[in-house]
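target.cif (mmCIF, C-alpha atoms) appears below.
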data_my_file
#
loop_
_atom_site.label_atom_id
_atom_site.label_comp_id
_atom_site.auth_asym_id
_atom_site.auth_seq_id
_atom_site.Cartn_x
_atom_site.Cartn_y
_atom_site.Cartn_z
CA MET A 10 145.23 36.58 48.03
CA GLN A 11 147.52 39.01 49.81
CA TYR A 12 150.34 37.39 51.74
CA LYS A 13 152.88 38.78 54.21
CA VAL A 14 156.56 38.05 53.53
CA LEU A 15 159.31 38.12 56.15
CA ILE A 16 162.68 39.26 54.71
CA VAL A 17 165.72 38.58 56.90
CA ASP A 18 169.21 39.85 56.03
CA ASP A 19 171.85 41.67 58.06
CA SER A 20 172.49 43.91 55.06
CA LYS A 21 169.94 46.68 54.62
CA LEU A 22 170.78 46.91 50.93
CA ALA A 23 170.21 43.18 50.48
CA ARG A 24 166.76 43.54 52.14
CA MET A 25 165.98 46.45 49.82
CA SER A 26 167.09 44.40 46.86
CA VAL A 27 164.92 41.39 47.77
CA ALA A 28 162.00 43.75 48.51
CA LYS A 29 162.39 45.31 45.06
CA VAL A 30 162.14 41.96 43.24
CA LEU A 31 159.21 40.96 45.44
CA ARG A 32 157.44 44.28 44.80
CA THR A 33 157.83 43.77 41.05
CA LEU A 34 156.22 40.34 41.22
CA GLU A 35 153.64 40.93 43.93
CA PRO A 36 153.06 44.68 44.39
CA ASP A 37 150.17 44.21 46.81
CA TRP A 38 151.82 41.86 49.25
CA LEU A 39 152.96 43.04 52.67
CA ARG A 40 156.57 42.90 53.79
CA VAL A 41 158.22 42.81 57.20
CA GLU A 42 161.98 42.99 57.61
CA ALA A 43 164.45 41.76 60.21
CA ALA A 44 168.23 42.21 60.43
CA ASN A 45 168.95 39.02 62.38
CA ALA A 46 167.49 35.73 63.63
CA ASP A 47 166.26 37.12 66.97
CA GLU A 48 164.35 39.94 65.31
CA ALA A 49 162.91 37.45 62.82
CA LEU A 50 161.64 35.15 65.58
CA ALA A 51 160.06 38.13 67.37
CA LEU A 52 158.32 39.15 64.13
CA LEU A 53 157.08 35.61 63.60
CA LYS A 54 154.99 36.04 66.77
CA THR A 55 153.84 39.63 66.31
CA GLU A 56 153.39 39.78 62.52
CA GLN A 57 152.64 36.15 61.66
CA PRO A 58 154.17 36.23 58.18
CA ASP A 59 153.07 33.66 55.58
CA ILE A 60 156.38 33.24 53.74
CA ALA A 61 160.03 33.79 54.77
CA LEU A 62 163.09 34.75 52.68
CA LEU A 63 166.32 34.37 54.69
CA ASP A 64 169.93 35.33 54.10
CA PHE A 65 172.47 32.64 55.04
CA ASN A 66 175.62 34.46 56.20
CA MET A 67 174.53 36.61 59.17
CA PRO A 68 176.14 37.48 62.51
CA GLY A 69 174.76 35.37 65.37
CA ARG A 70 172.55 32.53 64.20
CA ASP A 71 172.88 31.95 60.45
CA GLY A 72 170.02 31.55 57.98
CA LEU A 73 170.11 27.75 58.09
CA ASP A 74 169.68 27.67 61.87
CA LEU A 75 166.92 30.24 61.54
CA ALA A 76 165.22 28.21 58.77
CA ALA A 77 165.23 25.12 61.00
CA GLU A 78 163.78 27.11 63.93
CA LEU A 79 161.09 28.76 61.80
CA HIS A 80 160.24 25.38 60.28
CA ARG A 81 159.82 23.96 63.79
CA LEU A 82 157.61 26.85 64.94
CA ALA A 83 155.61 27.23 61.71
CA PRO A 84 155.89 23.92 59.84
CA ARG A 85 153.60 24.96 56.97
CA MET A 86 155.32 28.27 56.22
CA PRO A 87 157.21 28.24 52.88
CA ILE A 88 160.83 29.30 53.55
CA ALA A 89 163.69 30.08 51.14
CA VAL A 90 167.34 30.63 52.00
CA VAL A 91 168.79 33.26 49.65
CA SER A 92 172.57 33.08 49.36
CA ALA A 93 175.47 33.49 46.95
CA ASN A 94 177.10 30.60 48.81
CA ILE A 95 176.04 27.89 46.36
CA GLN A 96 178.15 25.11 47.88
CA THR A 97 176.42 21.73 47.68
CA GLU A 98 176.58 21.34 51.47
CA ILE A 99 174.73 24.63 52.04
CA VAL A 100 172.05 23.84 49.45
CA ASN A 101 171.56 20.38 50.99
CA ARG A 102 171.40 21.77 54.52
CA ALA A 103 168.80 24.33 53.44
CA GLU A 104 166.70 21.55 51.99
CA SER A 105 167.00 19.37 55.07
CA ALA A 106 165.98 22.36 57.22
CA GLY A 107 162.76 22.40 55.20
CA ALA A 108 163.70 25.39 53.02
CA ASP A 109 164.21 26.04 49.31
CA PHE A 110 167.54 27.48 48.17
CA LEU A 111 167.65 30.57 45.91
CA ALA A 112 170.90 32.00 44.52
CA LYS A 113 171.86 35.57 45.33
CA PRO A 114 171.63 38.05 43.60
CA LEU A 115 167.97 37.09 43.52
CA THR A 116 166.39 37.16 40.06
CA GLU A 117 162.71 37.59 39.20
CA PRO A 118 162.34 34.14 37.57
CA ALA A 119 163.90 32.39 40.58
CA LEU A 120 161.73 34.22 43.10
CA ALA A 121 158.62 33.82 40.89
CA ALA A 122 159.09 30.03 40.77
CA PHE A 123 159.46 29.86 44.55
CA LEU A 124 156.42 32.11 45.14
CA GLU A 125 154.25 30.01 42.80
CA LYS A 126 155.15 26.92 44.81
CA ALA A 127 154.57 28.80 48.05
CA LYS A 128 151.12 30.04 46.91
CA ARG A 129 150.07 26.50 46.00
CA ARG A 130 151.20 25.27 49.40
CA LEU A 131 149.44 28.08 51.25
CA SER A 132 146.17 27.59 49.35
CA GLU A 133 146.25 23.86 50.13
CA LYS A 134 146.82 24.79 53.74
CA SER A 135 143.82 27.11 53.92
CA ALA A 136 141.55 24.83 51.87
CA MET B 5 193.41 63.09 54.59
CA THR B 6 192.20 61.09 57.54
CA ALA B 7 189.99 58.05 57.71
CA ALA B 8 187.18 60.14 59.15
CA ALA B 9 187.27 62.50 56.16
CA LEU B 10 186.16 59.69 53.89
CA ALA B 11 182.97 59.27 55.85
CA MET B 12 181.29 56.64 53.74
CA SER B 13 177.63 56.46 54.63
CA GLU B 14 176.26 53.48 56.51
CA LEU B 15 174.38 52.36 53.39
CA GLU B 16 177.53 52.62 51.23
CA LEU B 17 179.50 50.47 53.67
CA ASP B 18 176.56 48.08 53.85
CA ALA B 19 176.41 47.84 50.04
CA LEU B 20 180.15 47.28 49.81
CA SER B 21 180.06 44.62 52.46
CA GLU B 22 177.18 42.88 50.65
CA LEU B 23 179.05 43.04 47.31
CA VAL B 24 182.12 41.45 48.88
CA ASN B 25 179.96 38.89 50.64
CA ILE B 26 178.40 37.83 47.33
CA GLY B 27 181.80 37.83 45.59
CA VAL B 28 183.54 35.76 48.26
CA SER B 29 180.59 33.38 48.63
CA ARG B 30 180.73 32.63 44.90
CA ALA B 31 184.51 32.22 45.09
CA ALA B 32 184.12 29.86 48.06
CA ALA B 33 181.97 27.62 45.88
CA SER B 34 184.90 27.38 43.41
CA LEU B 35 187.30 26.52 46.24
CA ARG B 36 184.81 23.96 47.49
CA ASP B 37 184.87 22.25 44.09
CA MET B 38 188.68 22.33 43.94
CA ALA B 39 189.19 20.94 47.45
CA ASN B 40 186.06 18.79 47.39
CA GLU B 41 185.14 19.85 50.90
CA GLU B 42 182.99 22.51 52.44
CA VAL B 43 184.43 26.02 52.86
CA ARG B 44 183.22 28.04 55.82
CA LEU B 45 183.09 31.82 55.68
CA SER B 46 182.72 34.51 58.32
CA VAL B 47 180.57 37.60 58.01
CA PRO B 48 182.70 40.25 56.24
CA SER B 49 184.09 43.20 58.14
CA VAL B 50 184.66 46.47 56.32
CA SER B 51 186.57 49.43 57.70
CA VAL B 52 188.33 52.53 56.49
CA LEU B 53 191.71 52.77 58.19
CA SER B 54 195.05 54.45 57.87
CA ALA B 55 197.69 52.24 56.22
CA GLN B 56 199.51 51.90 59.55
CA GLU B 57 196.37 50.83 61.39
CA ALA B 58 195.58 48.21 58.75
CA ALA B 59 199.12 46.79 58.83
CA LYS B 60 198.98 46.66 62.63
CA LEU B 61 195.62 44.87 62.49
CA LEU B 62 196.97 42.15 60.24
CA GLY B 63 200.16 41.89 62.32
CA ALA B 64 198.12 41.53 65.52
CA ARG B 65 195.97 38.71 64.14
CA GLU B 66 198.89 36.51 63.12
CA LYS B 67 202.18 36.14 64.91
CA GLY B 68 203.77 33.55 62.58
CA ASN B 69 204.83 33.74 58.95
CA LEU B 70 202.12 34.19 56.36
CA VAL B 71 201.71 33.38 52.71
CA ALA B 72 199.65 35.71 50.58
CA ILE B 73 198.55 35.47 47.00
CA HIS B 74 198.26 38.99 45.76
CA GLN B 75 196.54 40.39 42.67
CA ALA B 76 196.05 44.00 41.65
CA PHE B 77 192.83 44.96 39.87
CA ALA B 78 192.19 47.99 37.70
CA GLY B 79 189.42 49.50 35.62
CA ASP B 80 186.86 52.06 36.74
CA PHE B 81 188.09 51.43 40.25
CA ARG B 82 191.35 49.94 41.38
CA GLY B 83 192.86 48.20 44.34
CA ARG B 84 194.49 45.02 45.55
CA ALA B 85 193.06 41.69 46.63
CA LEU B 86 194.83 39.20 48.86
CA LEU B 87 194.26 35.64 49.90
CA ILE B 88 196.26 35.23 53.10
CA PHE B 89 196.92 32.22 55.30
CA PRO B 90 199.50 31.00 57.83
CA GLU B 91 202.58 29.56 56.11
CA THR B 92 202.12 26.36 58.12
CA ASN B 93 198.83 25.81 56.21
CA SER B 94 200.38 26.26 52.80
CA LEU B 95 201.21 22.62 51.98
CA GLU B 96 197.90 21.48 53.45
CA LEU B 97 196.02 23.83 51.11
CA VAL B 98 198.02 22.59 48.14
CA ARG B 99 197.27 19.01 49.20
CA ALA B 100 193.57 19.82 49.51
CA VAL B 101 193.30 21.30 46.02
CA SER B 102 195.65 18.91 44.22
CA GLY B 103 194.41 15.58 45.57
CA SER B 104 195.55 14.15 48.87
CA ASP B 105 197.28 11.05 47.46
CA LEU B 106 200.30 12.91 46.07
CA PRO B 107 203.64 12.26 47.82
CA LEU B 108 205.07 15.14 49.87
CA GLU B 109 207.91 15.91 47.44
CA ASP B 110 205.42 16.37 44.58
CA ILE B 111 203.33 18.67 46.73
CA ILE B 112 206.41 20.75 47.59
CA ASP B 113 207.27 20.96 43.86
CA LEU B 114 203.74 22.06 43.08
CA GLU B 115 203.42 24.52 45.93
CA GLN B 116 204.22 27.82 44.27
CA GLU B 117 202.21 27.10 41.14
CA ALA B 118 199.26 25.62 43.02
CA LEU B 119 199.11 28.58 45.42
CA GLY B 120 199.13 31.04 42.54
CA GLU B 121 196.42 29.14 40.70
CA THR B 122 194.24 28.71 43.80
CA GLY B 123 194.55 32.39 44.60
CA ASN B 124 193.81 33.28 41.01
CA ILE B 125 190.57 31.27 40.94
CA ILE B 126 189.35 32.60 44.29
CA LEU B 127 190.34 36.24 43.83
CA ASN B 128 189.26 36.42 40.18
CA GLY B 129 185.95 34.78 41.10
CA CYS B 130 185.40 37.32 43.82
CA LEU B 131 186.47 40.36 41.75
CA GLY B 132 184.59 39.17 38.67
CA THR B 133 181.33 38.91 40.63
CA ILE B 134 181.85 42.36 42.19
CA GLY B 135 182.63 43.85 38.75
CA ASN B 136 179.50 42.25 37.25
CA LEU B 137 177.30 43.57 40.06
CA LEU B 138 178.72 47.06 39.53
CA HIS B 139 178.32 46.68 35.73
CA ARG B 140 182.03 47.29 35.22
CA SER B 141 184.80 45.07 33.96
CA LEU B 142 188.08 44.87 35.82
CA THR B 143 191.47 43.71 34.64
CA VAL B 144 193.28 41.55 37.16
CA SER B 145 197.07 41.13 37.28
CA LEU B 146 198.80 37.75 37.41
CA PRO B 147 198.98 36.26 40.90
CA GLU B 148 202.09 36.94 42.95
CA VAL B 149 202.95 34.79 45.97
CA LEU B 150 204.28 36.81 48.92
CA ARG B 151 205.76 35.51 52.16
CA GLY B 152 206.45 37.32 55.42
CA GLN B 153 205.03 38.51 58.74
CA GLY B 154 201.62 40.17 58.83
CA GLU B 155 202.81 43.76 58.66
CA GLU B 156 205.41 42.96 55.98
CA ILE B 157 202.87 41.24 53.74
CA PHE B 158 200.62 44.21 53.98
CA ASN B 159 203.38 46.64 53.05
CA LEU B 160 204.64 44.41 50.22
CA ALA B 161 201.18 44.18 48.73
CA GLY B 162 199.98 47.65 49.44
CA ASN B 163 202.99 49.70 48.40
CA LEU B 164 201.51 52.28 50.74
CA ARG B 165 202.87 55.55 51.99
CA GLU B 166 202.49 56.88 55.48
CA GLY B 167 199.22 58.76 55.75
CA ASP B 168 197.48 56.75 53.00
CA VAL B 169 193.95 55.72 53.77
CA VAL B 170 192.81 52.24 52.87
CA LEU B 171 189.55 50.45 52.73
CA PHE B 172 190.15 47.19 54.51
CA LEU B 173 187.78 44.31 53.92
CA PHE B 174 188.23 41.07 55.72
CA ILE B 175 186.57 37.65 55.56
CA ASP B 176 187.81 34.54 57.35
CA PHE B 177 187.56 31.21 55.58
CA SER B 178 188.31 27.67 56.67
CA LEU B 179 188.13 24.25 55.07
CA LYS B 180 185.98 21.94 57.11
CA LYS B 181 188.08 18.76 56.93
CA SER B 182 191.65 19.95 56.35
CA ALA B 183 193.11 22.28 58.95
CA VAL B 184 193.30 25.18 56.51
CA ARG B 185 192.16 28.66 57.42
CA GLY B 186 192.88 32.09 56.08
CA TYR B 187 191.50 35.46 55.09
CA ILE B 188 190.54 37.34 52.02
CA ALA B 189 191.39 41.03 52.19
CA MET B 190 190.89 43.91 49.79
CA LEU B 191 192.75 47.18 49.89
CA MET B 192 191.85 50.37 48.14
CA ASP B 193 193.53 53.72 48.45
CA LEU B 194 191.79 57.08 48.32
CA PRO B 195 191.54 57.55 44.51
CA GLY B 196 190.31 53.93 44.17
CA LEU B 197 187.79 54.50 46.89
CA THR B 198 186.50 57.74 45.38
CA SER B 199 185.74 56.02 42.04
CA LEU B 200 184.17 53.10 43.86
CA ARG B 201 181.80 55.38 45.76
CA ALA B 202 180.22 56.64 42.54
CA LEU B 203 179.67 53.07 41.32
CA LEU B 204 178.30 52.05 44.71
CA SER B 205 175.79 54.84 44.53
CA ASP B 206 174.53 53.55 41.14
CA TYR B 207 174.43 50.02 42.52
CA ILE B 208 172.36 51.13 45.53
CA ASP B 209 169.93 52.95 43.19
CA ARG B 210 169.56 49.91 40.93
CA GLU B 211 169.03 47.51 43.80
CA SER B 212 166.63 49.57 45.81
CA SER B 213 164.39 51.46 43.41
CA GLY B 214 162.40 51.06 40.21
CA THR B 215 159.97 48.31 39.51
CA SER B 216 161.70 46.29 36.80
CA GLY B 217 164.98 45.80 35.03
CA THR B 218 166.68 43.40 37.44
CA HIS B 219 168.62 42.09 34.45
CA ALA B 220 169.41 45.51 33.00
CA GLN B 221 172.87 45.85 31.55
CA PRO B 222 174.65 49.16 30.94
#
Would you mind writing the file out in structure tokens?
Amino acid sequence: MQYKVLIVDDSKLARMSVAKVLRTLEPDWLRVEAANADEALALLKTEQPDIALLDFNMPGRDGLDLAAELHRLAPRMPIAVVSANIQTEIVNRAESAGADFLAKPLTEPALAAFLEKAKRRLSEKSA
Amino acid sequence: MTAAALAMSELELDALSELVNIGVSRAAASLRDMANEEVRLSVPSVSVLSAQEAAKLLGAREKGNLVAIHQAFAGDFRGRALLIFPETNSLELVRAVSGSDLPLEDIIDLEQEALGETGNIILNGCLGTIGNLLHRSLTVSLPEVLRGQGEEIFNLAGNLREGDVVLFLFIDFSLKKSAVRGYIAMLMDLPGLTSLRALLSDYIDRESSGTSGTHAQP
């Protein structure tokens, strides 16, 4: 199954870095990228991604606000907040916004574990 | 040499800003554990300025006296890192990291040492993460506590000459419960910046290309 992943980060390099790990794990999947929350919400409508990977510390709305909004608009979409800010409060807020928390820099094992969970959830959804 | 002559590319500035963001975010988690309360961070701002412009910028942000914990770093690239906050926040920060039940006189006794140690943990955490991401190790000097107005602090820490160009990185932080706020700043002069650019270019290559080796070490 080929899925489409939305990558949101204000840093272009950070998006490239997440895309690289994703490409290693799932070379055939599609990717769409946004530099902020507004762009991400626009892409949600036009591109209908299956999975979202969000940075936390962004200008404007942060990744936790965006996670909550995406979760409201697409409740079944697996979402992960990717951040080096590993404070307990941030991790807890990500979880209560309906998202997983992945530490930045993103590693292959961490992303692989999240994607496995996401694939299971998406296959249950389509079954 | 003018700031414009450095002309770092957009992607280089982006990469640098992301490195600092990761470094400071990790360091914030250490401060969070010391103070036992959430630390809020702003999005980093990165600019290449003349020494005078940078000093003016810091002076314009803060009118009162400041305290700064200053550490120099050296290795394949060199520069200075500063944790800066208003002097009126100093005792509050010490209280936050040392336990709030200490009497005031004990906190005053502890101040200098606690500031140095707090700065050391935050700045070393930040620089260590940046060094790791660039696959380079850095040596970091002992912390030095500086006091003065914005422009003075900058000159004390920077030891800069007129016409020097500095890379000025800035992130605001605040503790959620205590009224403590401050900034983390990094300064690099032209030779430091030139070495850093080569490492940044390798970092950009590693992060953006290839299909494996996300754990590769040099």
Could you expand the PyMOL selection byres ((chain A) within 6 of (chain B)) into the explicit residues it covers here, written as a PDB file with C-alpha atoms, keeping the file's coordinate frame?
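Generated output (result37.pdb):
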ATOM      1  CA  SER A  20     172.490  43.910  55.060  1.00  0.00           C
ATOM      2  CA  LEU A  22     170.780  46.910  50.930  1.00  0.00           C
ATOM      3  CA  MET A  25     165.980  46.450  49.820  1.00  0.00           C
ATOM      4  CA  SER A  26     167.090  44.400  46.860  1.00  0.00           C
ATOM      5  CA  THR A  33     157.830  43.770  41.050  1.00  0.00           C
ATOM      6  CA  ALA A  93     175.470  33.490  46.950  1.00  0.00           C
ATOM      7  CA  ASN A  94     177.100  30.600  48.810  1.00  0.00           C
ATOM      8  CA  ILE A  95     176.040  27.890  46.360  1.00  0.00           C
ATOM      9  CA  GLN A  96     178.150  25.110  47.880  1.00  0.00           C
TER      10      GLN A  96
END
Inset, instruction - Using the chain letters and numbers from the file, give me the residues hit by the PyMOL selection byres ((chain B and resi 121) around 12), as a ChimeraX atom specification. - result: /B:34-35,38,73-75,87,97-98,101-102,114-120,122-129,146-149
Legend entry - Separation of atom CA of Glu56 of chain A from atom CA of Ile88 of chain A, in Å and rounded to one decimal: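 Separating atom CA of Glu56 of chain A from atom CA of Ile88 of chain A is a distance of 15.7 Å.
Atom CA of Val91 of chain A to atom CA of Tyr12 of chain A spans 19.0 Å [interatomic distance, one decimal].
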Tell me which protein, DNA and RNA residues are within 7 Å of segment 62-72 of chain A, counting only C-alpha atoms, leaving out same-chain ones fewer than 6 positions away, and put them as a PDB file with C-alpha atoms, in the coordinates of the input.
ATOM      1  CA  LEU A  15     159.310  38.120  56.150  1.00  0.00           C
ATOM      2  CA  ILE A  16     162.680  39.260  54.710  1.00  0.00           C
ATOM      3  CA  VAL A  17     165.720  38.580  56.900  1.00  0.00           C
ATOM      4  CA  ASP A  18     169.210  39.850  56.030  1.00  0.00           C
ATOM      5  CA  ASP A  19     171.850  41.670  58.060  1.00  0.00           C
ATOM      6  CA  ASN A  45     168.950  39.020  62.380  1.00  0.00           C
ATOM      7  CA  ALA A  46     167.490  35.730  63.630  1.00  0.00           C
ATOM      8  CA  ILE A  88     160.830  29.300  53.550  1.00  0.00           C
ATOM      9  CA  ALA A  89     163.690  30.080  51.140  1.00  0.00           C
ATOM     10  CA  VAL A  90     167.340  30.630  52.000  1.00  0.00           C
ATOM     11  CA  VAL A  91     168.790  33.260  49.650  1.00  0.00           C
ATOM     12  CA  SER A  92     172.570  33.080  49.360  1.00  0.00           C
TER      13      SER A  92
ATOM     14  CA  VAL B  47     180.570  37.600  58.010  1.00  0.00           C
TER      15      VAL B  47
END
Legend entry - All residues 6 Å or closer to segment 57-62 of chain B, all atoms listed in the file, same chain fewer than 6 positions away omitted, as a list in words: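 The filter keeps Gly154, Glu155 and Phe158 of chain B.
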Legend entry - Closest of A:Lys21, A:Lys54, A:Arg32, A:Arg85 to Arg129 of chain A - atom-to-atom distances counting all atoms listed in the file: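 Residue with the minimum atom-to-atom distance to Arg129 of chain A: A:Arg85.
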Legend entry - Point-to-point distance from atom CA of Ile88 of chain B to atom CA of Ile112 of chain B, Å rounded to tenths: 18.5 Å
Just save segment 129-161 of chain B with N, CA and C atoms, as a CSV table (one decimal), in the first residue's frame.
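This is the output file part05.csv:
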chain,number,residue,atom,x,y,z
B,129,GLY,N,25.0,21.7,27.1
B,129,GLY,CA,24.0,20.8,26.4
B,129,GLY,C,23.8,21.2,25.0
B,130,CYS,N,23.7,22.5,24.8
B,130,CYS,CA,23.4,23.1,23.5
B,130,CYS,C,24.6,22.9,22.6
B,131,LEU,N,25.8,23.2,23.0
B,131,LEU,CA,27.0,23.1,22.2
B,131,LEU,C,27.3,21.6,21.9
B,132,GLY,N,27.1,20.8,22.9
B,132,GLY,CA,27.4,19.4,22.8
B,132,GLY,C,26.5,18.8,21.7
B,133,THR,N,25.2,19.1,21.7
B,133,THR,CA,24.3,18.6,20.6
B,133,THR,C,24.7,19.1,19.3
B,134,ILE,N,25.1,20.4,19.2
B,134,ILE,CA,25.5,21.0,17.9
B,134,ILE,C,26.8,20.3,17.4
B,135,GLY,N,27.8,20.1,18.3
B,135,GLY,CA,29.0,19.4,17.9
B,135,GLY,C,28.7,18.0,17.4
B,136,ASN,N,27.8,17.2,18.2
B,136,ASN,CA,27.5,15.9,17.7
B,136,ASN,C,26.9,15.8,16.4
B,137,LEU,N,26.0,16.8,16.1
B,137,LEU,CA,25.3,16.8,14.8
B,137,LEU,C,26.3,17.1,13.7
B,138,LEU,N,27.3,17.9,14.0
B,138,LEU,CA,28.3,18.3,13.0
B,138,LEU,C,29.5,17.2,13.0
B,139,HIS,N,29.4,16.2,13.8
B,139,HIS,CA,30.4,15.2,13.9
B,139,HIS,C,31.7,15.8,14.4
B,140,ARG,N,31.7,16.7,15.2
B,140,ARG,CA,32.9,17.4,15.7
B,140,ARG,C,32.8,17.5,17.2
B,141,SER,N,34.0,17.4,17.9
B,141,SER,CA,33.9,17.7,19.3
B,141,SER,C,34.5,19.0,19.6
B,142,LEU,N,33.9,19.7,20.6
B,142,LEU,CA,34.2,21.1,21.0
B,142,LEU,C,34.7,21.1,22.4
B,143,THR,N,35.7,21.9,22.7
B,143,THR,CA,36.1,22.1,24.1
B,143,THR,C,35.4,23.4,24.5
B,144,VAL,N,34.9,23.4,25.7
B,144,VAL,CA,34.1,24.5,26.2
B,144,VAL,C,34.8,25.0,27.5
B,145,SER,N,35.0,26.3,27.6
B,145,SER,CA,35.7,26.9,28.7
B,145,SER,C,34.8,26.9,30.0
B,146,LEU,N,35.4,27.2,31.1
B,146,LEU,CA,34.6,27.2,32.3
B,146,LEU,C,33.6,28.4,32.2
B,147,PRO,N,32.5,28.3,32.9
B,147,PRO,CA,31.5,29.5,32.8
B,147,PRO,C,32.1,30.7,33.6
B,148,GLU,N,31.7,31.9,33.0
B,148,GLU,CA,32.1,33.1,33.6
B,148,GLU,C,30.9,33.9,33.7
B,149,VAL,N,30.6,34.5,34.9
B,149,VAL,CA,29.4,35.3,35.1
B,149,VAL,C,29.7,36.8,34.9
B,150,LEU,N,29.0,37.4,33.9
B,150,LEU,CA,29.2,38.8,33.6
B,150,LEU,C,28.0,39.6,34.0
B,151,ARG,N,28.3,40.9,34.4
B,151,ARG,CA,27.1,41.7,34.7
B,151,ARG,C,27.3,43.1,34.0
B,152,GLY,N,26.2,43.7,33.6
B,152,GLY,CA,26.3,45.0,32.9
B,152,GLY,C,25.1,45.3,32.1
B,153,GLN,N,25.2,46.4,31.4
B,153,GLN,CA,24.1,46.8,30.4
B,153,GLN,C,24.3,45.9,29.2
B,154,GLY,N,23.3,45.9,28.3
B,154,GLY,CA,23.3,45.1,27.1
B,154,GLY,C,24.5,45.2,26.3
B,155,GLU,N,24.9,46.5,25.9
B,155,GLU,CA,26.0,46.7,25.0
B,155,GLU,C,27.3,46.3,25.7
B,156,GLU,N,27.4,46.5,27.0
B,156,GLU,CA,28.6,46.2,27.8
B,156,GLU,C,28.8,44.7,27.8
B,157,ILE,N,27.8,44.0,28.1
B,157,ILE,CA,27.9,42.5,28.2
B,157,ILE,C,28.4,42.0,26.9
B,158,PHE,N,27.9,42.5,25.8
B,158,PHE,CA,28.2,42.0,24.5
B,158,PHE,C,29.7,42.2,24.3
B,159,ASN,N,30.2,43.4,24.6
B,159,ASN,CA,31.6,43.8,24.4
B,159,ASN,C,32.5,43.0,25.3
B,160,LEU,N,32.0,42.7,26.6
B,160,LEU,CA,32.8,42.0,27.5
B,160,LEU,C,33.0,40.5,27.0
B,161,ALA,N,31.9,40.0,26.5
B,161,ALA,CA,31.9,38.6,26.1
B,161,ALA,C,32.6,38.4,24.7
